[in-house]
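> Just work20.pdb, nothing more (PDB, C-alpha atoms, pLDDT in the B column):
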```pdb
ATOM      1  CA  LYS A   1      97.960  98.623 119.041  1.00 85.00           C
ATOM      2  CA  ILE A   2      99.760 101.971 119.223  1.00 93.00           C
ATOM      3  CA  VAL A   3     103.582 102.013 119.289  1.00 95.00           C
ATOM      4  CA  ASP A   4     106.442 104.476 118.926  1.00 95.00           C
ATOM      5  CA  SER A   5     107.643 103.200 115.545  1.00 95.00           C
ATOM      6  CA  PHE A   6     111.223 104.438 115.999  1.00 95.00           C
ATOM      7  CA  GLU A   7     111.577 102.844 119.453  1.00 96.00           C
ATOM      8  CA  PHE A   8     109.870  99.677 118.147  1.00 96.00           C
ATOM      9  CA  CYS A   9     112.585  99.378 115.468  1.00 95.00           C
ATOM     10  CA  GLN A  10     115.472 100.380 117.743  1.00 95.00           C
ATOM     11  CA  GLN A  11     114.542  97.681 120.290  1.00 96.00           C
ATOM     12  CA  GLN A  12     113.875  95.153 117.487  1.00 96.00           C
ATOM     13  CA  GLN A  13     110.445  94.430 118.883  1.00 96.00           C
ATOM     14  CA  GLN A  14     107.857  92.173 117.303  1.00 97.00           C
ATOM     15  CA  SER A  15     104.095  92.282 117.508  1.00 96.00           C
ATOM     16  CA  ALA A  16     101.775  89.642 116.097  1.00 97.00           C
ATOM     17  CA  GLY A  17      98.122  88.786 116.214  1.00 97.00           C
ATOM     18  CA  GLN A  18      94.921  87.751 114.549  1.00 97.00           C
ATOM     19  CA  THR A  19      92.300  90.376 113.840  1.00 96.00           C
ATOM     20  CA  PRO A  20      88.791  89.795 112.433  1.00 96.00           C
ATOM     21  CA  VAL A  21      88.397  91.282 108.943  1.00 96.00           C
ATOM     22  CA  ALA A  22      85.241  93.031 110.221  1.00 95.00           C
ATOM     23  CA  GLU A  23      87.443  95.318 112.376  1.00 96.00           C
ATOM     24  CA  PHE A  24      89.036  96.812 109.234  1.00 96.00           C
ATOM     25  CA  ALA A  25      86.403  99.226 107.874  1.00 96.00           C
ATOM     26  CA  ARG A  26      88.242 100.217 104.668  1.00 96.00           C
ATOM     27  CA  LEU A  27      89.138  96.607 103.827  1.00 96.00           C
ATOM     28  CA  SER A  28      85.628  95.297 104.587  1.00 94.00           C
ATOM     29  CA  ALA A  29      84.183  97.840 102.144  1.00 94.00           C
ATOM     30  CA  GLU A  30      86.189  96.215  99.316  1.00 93.00           C
ATOM     31  CA  LEU A  31      85.166  92.627 100.078  1.00 94.00           C
ATOM     32  CA  ALA A  32      82.126  90.443  99.376  1.00 93.00           C
ATOM     33  CA  SER A  33      81.925  89.661 103.089  1.00 93.00           C
ATOM     34  CA  SER A  34      83.724  90.771 106.230  1.00 92.00           C
ATOM     35  CA  ALA A  35      84.027  87.155 107.404  1.00 92.00           C
ATOM     36  CA  GLY A  36      87.452  85.765 108.200  1.00 92.00           C
ATOM     37  CA  THR A  37      90.550  86.737 110.116  1.00 95.00           C
ATOM     38  CA  LEU A  38      93.845  88.325 109.128  1.00 97.00           C
ATOM     39  CA  GLU A  39      97.016  87.029 110.737  1.00 97.00           C
ATOM     40  CA  TRP A  40      99.766  89.626 110.974  1.00 98.00           C
ATOM     41  CA  VAL A  41     103.319  90.040 112.204  1.00 98.00           C
ATOM     42  CA  VAL A  42     105.179  93.366 112.456  1.00 97.00           C
ATOM     43  CA  THR A  43     108.915  93.167 113.182  1.00 97.00           C
ATOM     44  CA  GLY A  44     111.104  96.177 113.902  1.00 96.00           C
ATOM     45  CA  GLY A  45     114.745  96.407 112.960  1.00 96.00           C
ATOM     46  CA  SER A  46     117.294  98.373 111.002  1.00 94.00           C
ATOM     47  CA  HIS A  47     117.876  98.364 107.241  1.00 91.00           C
ATOM     48  CA  ALA A  48     121.367  97.943 105.774  1.00 86.00           C
ATOM     49  CA  VAL A  49     121.525 101.690 105.033  1.00 86.00           C
ATOM     50  CA  GLY A  50     121.078 102.426 108.754  1.00 90.00           C
ATOM     51  CA  VAL A  51     117.421 103.433 108.619  1.00 93.00           C
ATOM     52  CA  PRO A  52     114.747 101.987 110.936  1.00 96.00           C
ATOM     53  CA  GLN A  53     112.570  99.426 109.146  1.00 96.00           C
ATOM     54  CA  LEU A  54     109.364  97.513 109.774  1.00 97.00           C
ATOM     55  CA  LEU A  55     108.836  94.088 108.227  1.00 97.00           C
ATOM     56  CA  LEU A  56     105.145  93.473 107.708  1.00 96.00           C
ATOM     57  CA  ASN A  57     103.539  90.071 107.020  1.00 97.00           C
ATOM     58  CA  VAL A  58      99.788  89.804 106.504  1.00 97.00           C
ATOM     59  CA  SER A  59      97.894  86.644 105.558  1.00 97.00           C
ATOM     60  CA  GLY A  60      94.423  85.208 105.752  1.00 96.00           C
ATOM     61  CA  GLN A  61      91.397  83.940 103.883  1.00 94.00           C
ATOM     62  CA  ILE A  62      89.148  86.735 102.572  1.00 95.00           C
ATOM     63  CA  GLN A  63      85.999  86.873 100.445  1.00 94.00           C
ATOM     64  CA  LEU A  64      86.263  88.852  97.190  1.00 95.00           C
ATOM     65  CA  VAL A  65      83.754  89.457  94.400  1.00 94.00           C
ATOM     66  CA  CYS A  66      84.582  87.656  91.136  1.00 93.00           C
ATOM     67  CA  GLN A  67      84.688  90.277  88.377  1.00 92.00           C
ATOM     68  CA  ARG A  68      83.411  87.782  85.807  1.00 90.00           C
ATOM     69  CA  CYS A  69      80.297  86.333  87.500  1.00 91.00           C
ATOM     70  CA  LEU A  70      79.946  88.812  90.417  1.00 91.00           C
ATOM     71  CA  SER A  71      79.589  86.032  92.982  1.00 92.00           C
ATOM     72  CA  PRO A  72      81.707  85.718  96.150  1.00 93.00           C
ATOM     73  CA  MET A  73      84.998  83.859  95.944  1.00 93.00           C
ATOM     74  CA  ALA A  74      87.529  82.817  98.569  1.00 93.00           C
ATOM     75  CA  HIS A  75      91.006  84.301  98.224  1.00 94.00           C
ATOM     76  CA  ALA A  76      94.097  83.340 100.212  1.00 95.00           C
ATOM     77  CA  MET A  77      96.008  86.540 100.922  1.00 95.00           C
ATOM     78  CA  ALA A  78      99.700  86.416 101.747  1.00 95.00           C
ATOM     79  CA  SER A  79     101.676  89.647 101.619  1.00 96.00           C
ATOM     80  CA  GLN A  80     105.069  90.783 102.858  1.00 95.00           C
ATOM     81  CA  SER A  81     106.599  94.223 102.687  1.00 95.00           C
ATOM     82  CA  THR A  82     109.431  96.255 104.109  1.00 95.00           C
ATOM     83  CA  LEU A  83     108.693  99.785 105.295  1.00 95.00           C
ATOM     84  CA  LEU A  84     111.608 102.150 105.885  1.00 95.00           C
ATOM     85  CA  LEU A  85     110.926 104.893 108.426  1.00 95.00           C
ATOM     86  CA  ALA A  86     111.743 108.541 107.844  1.00 94.00           C
ATOM     87  CA  LYS A  87     111.551 111.469 110.296  1.00 93.00           C
ATOM     88  CA  ASP A  88     109.604 113.691 107.868  1.00 92.00           C
ATOM     89  CA  ASP A  89     108.720 114.071 104.166  1.00 91.00           C
ATOM     90  CA  ALA A  90     112.098 115.598 103.222  1.00 91.00           C
ATOM     91  CA  ASP A  91     113.899 112.737 105.009  1.00 91.00           C
ATOM     92  CA  ALA A  92     111.632 110.250 103.178  1.00 90.00           C
ATOM     93  CA  ASP A  93     112.605 111.711  99.798  1.00 90.00           C
ATOM     94  CA  GLU A  94     116.309 111.552 100.728  1.00 91.00           C
ATOM     95  CA  ILE A  95     116.015 107.910 101.880  1.00 90.00           C
ATOM     96  CA  GLU A  96     114.149 106.909  98.694  1.00 88.00           C
ATOM     97  CA  ALA A  97     116.878 108.474  96.560  1.00 87.00           C
ATOM     98  CA  ARG A  98     119.643 106.815  98.624  1.00 86.00           C
ATOM     99  CA  VAL A  99     118.099 103.335  98.664  1.00 86.00           C
ATOM    100  CA  ASP A 100     116.736 103.401  95.079  1.00 81.00           C
ATOM    101  CA  ASP A 101     114.772 100.153  95.473  1.00 85.00           C
ATOM    102  CA  GLU A 102     111.184  99.984  94.189  1.00 83.00           C
ATOM    103  CA  SER A 103     110.411  96.969  96.411  1.00 84.00           C
ATOM    104  CA  LEU A 104     110.848  99.084  99.563  1.00 89.00           C
ATOM    105  CA  ASP A 105     108.349 101.674 100.741  1.00 92.00           C
ATOM    106  CA  VAL A 106     109.416 104.711 102.747  1.00 93.00           C
ATOM    107  CA  ILE A 107     106.892 106.124 105.219  1.00 94.00           C
ATOM    108  CA  VAL A 108     107.100 108.860 107.817  1.00 94.00           C
ATOM    109  CA  GLY A 109     107.424 107.173 111.206  1.00 93.00           C
ATOM    110  CA  SER A 110     105.426 108.233 114.226  1.00 93.00           C
ATOM    111  CA  THR A 111     105.670 108.159 118.005  1.00 93.00           C
ATOM    112  CA  SER A 112     102.035 106.998 118.001  1.00 94.00           C
ATOM    113  CA  GLN A 113     101.873 104.574 115.063  1.00 94.00           C
ATOM    114  CA  ASP A 114      98.757 102.413 114.948  1.00 96.00           C
ATOM    115  CA  LEU A 115      99.945  98.998 113.757  1.00 96.00           C
ATOM    116  CA  MET A 116      96.401  98.086 112.665  1.00 96.00           C
ATOM    117  CA  VAL A 117      96.457 100.935 110.126  1.00 96.00           C
ATOM    118  CA  LEU A 118      99.668  99.485 108.654  1.00 96.00           C
ATOM    119  CA  VAL A 119      98.160  95.982 108.579  1.00 96.00           C
ATOM    120  CA  GLU A 120      95.003  97.255 106.865  1.00 96.00           C
ATOM    121  CA  ASP A 121      97.036  99.289 104.346  1.00 96.00           C
ATOM    122  CA  GLU A 122      99.095  96.201 103.519  1.00 95.00           C
ATOM    123  CA  ALA A 123      95.962  94.070 103.077  1.00 96.00           C
ATOM    124  CA  LEU A 124      94.383  96.690 100.784  1.00 96.00           C
ATOM    125  CA  LEU A 125      97.533  96.906  98.655  1.00 94.00           C
ATOM    126  CA  ALA A 126      97.646  93.102  98.388  1.00 94.00           C
ATOM    127  CA  LEU A 127      94.118  92.818  96.927  1.00 95.00           C
ATOM    128  CA  PRO A 128      94.122  91.557  93.329  1.00 94.00           C
ATOM    129  CA  LEU A 129      93.150  94.174  90.765  1.00 91.00           C
ATOM    130  CA  SER A 130      90.491  92.065  89.067  1.00 91.00           C
ATOM    131  CA  PRO A 131      89.742  88.877  91.019  1.00 93.00           C
ATOM    132  CA  ARG A 132      88.230  86.015  89.018  1.00 91.00           C
ATOM    133  CA  HIS A 133      87.353  82.387  89.638  1.00 89.00           C
ATOM    134  CA  THR A 134      89.428  79.957  87.581  1.00 88.00           C
ATOM    135  CA  GLN A 135      86.015  78.558  86.675  1.00 87.00           C
ATOM    136  CA  CYS A 136      82.889  80.409  87.744  1.00 86.00           C
ATOM    137  CA  PRO A 137      80.141  78.421  89.514  1.00 82.00           C
ATOM    138  CA  GLY A 138      77.553  77.111  87.055  1.00 77.00           C
ATOM    139  CA  GLU A 139      79.910  77.625  84.118  1.00 72.00           C
ATOM    140  CA  LEU A 140      80.470  74.626  81.882  1.00 68.00           C
ATOM    141  CA  PRO A 141      84.077  73.514  81.567  1.00 63.00           C
ATOM    142  CA  THR A 142      85.638  74.795  78.372  1.00 58.00           C
ATOM    143  CA  SER A 143      87.294  71.884  76.643  1.00 56.00           C
ATOM    144  CA  GLY A 144      87.506  73.564  73.250  1.00 52.00           C
ATOM    145  CA  VAL A 145      86.201  70.408  71.522  1.00 53.00           C
ATOM    146  CA  ASP A 146      82.536  71.285  71.219  1.00 57.00           C
ATOM    147  CA  LYS A 147      83.009  75.016  70.881  1.00 62.00           C
ATOM    148  CA  PRO A 148      79.992  76.759  69.352  1.00 67.00           C
ATOM    149  CA  GLU A 149      80.437  77.852  65.761  1.00 72.00           C
ATOM    150  CA  SER A 150      81.388  81.479  65.311  1.00 76.00           C
ATOM    151  CA  PRO A 151      78.536  83.710  64.099  1.00 76.00           C
ATOM    152  CA  PHE A 152      80.886  84.946  61.373  1.00 80.00           C
ATOM    153  CA  ALA A 153      81.467  81.398  60.152  1.00 78.00           C
ATOM    154  CA  VAL A 154      77.683  80.945  59.910  1.00 75.00           C
ATOM    155  CA  LEU A 155      77.409  84.160  57.868  1.00 77.00           C
ATOM    156  CA  LYS A 156      80.225  83.032  55.577  1.00 79.00           C
ATOM    157  CA  LYS A 157      78.288  79.862  54.772  1.00 79.00           C
ATOM    158  CA  LEU A 158      75.326  81.981  53.623  1.00 78.00           C
ATOM    159  CA  LYS A 159      77.396  83.489  50.766  1.00 71.00           C
TER     160      LYS A 159
END
```
The structure given in the file should be rewritten as structure tokens.

Amino acid sequence: KIVDSFEFCQQQQQSAGQTPVAEFARLSAELASSAGTLEWVVTGGSHAVGVPQLLLNVSGQIQLVCQRCLSPMAHAMASQSTLLLAKDDADADEIEARVDDESLDVIVGSTSQDLMVLVEDEALLALPLSPRHTQCPGELPTSGVDKPESPFAVLKKLK
């Protein structure tokens, strides 16, 4: 969906939907499978400093690759961010300096902003750095009671 991001914010519009993960090429390339759907909501408004802002919420169930066992794992994604809109790069730098808040991102707004690009960017940024199962499939539970003896302890006994 293409919108004029400044007008979208000025009129406090909202757009929401559900999009199959398979429609996001960059995101699908990072996942174990392109199955699933992302739910998203983009809300336009104005930030306290008088700058247009977009509130972005993205959630859904995605399939990642466990970095421990390399098998697929389900991951519940839920991400929220606030994007402040600038007219150009110089304006973006000025807004960042004025707001001085690391939790806010400043982007250059557009009269032909593709909301799906923003949704995909948000989903990519929300991916965990190194996803892992809490317990990999086929792995025995680690109770710590019958832990195998350390090879160094075995060597020490040989002395």
> Could you put an axis-aligned box around every listed atom of range 12-29 of chain A, padded by 5 Å on each side, and send me its centre and edge lengths in Å to one decimal, as JSON?

```
{"center_x": 99.0, "center_y": 94.0, "center_z": 110.5, "size_x": 39.7, "size_y": 22.5, "size_z": 26.7}
```
> To one decimal place, how far is CA of Trp40 in chain A from CA of Glu96 in chain A in Å?
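One can read the CA of Trp40 in chain A to CA of Glu96 in chain A distance as 25.6 Å.
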> Using the chain letters and numbers from the file, which residues does the PyMOL selection byres ((chain A and resi 56) around 6) grab, as a list of chain:residue names?
A:Val41, A:Val42, A:Leu55, A:Asn57, A:Gln80, A:Ser81
> Might you pull out every residue within 10 Å of Arg68 in chain A, with all atoms listed in the file counted and same-chain residues fewer than 6 positions away left off, and present them as a list in words?
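These residues fall inside the cut-off: Ser130, Pro131, Arg132, His133, Gln135 and Cys136 of chain A.
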> Take the PyMOL selection byres ((chain A and resi 12-26) around 9), apply it to the structure above, and return the hits as a PyMOL selection string.
chain A and resi 1+7-11+27-30+33-46+62+115-117+120-121+124
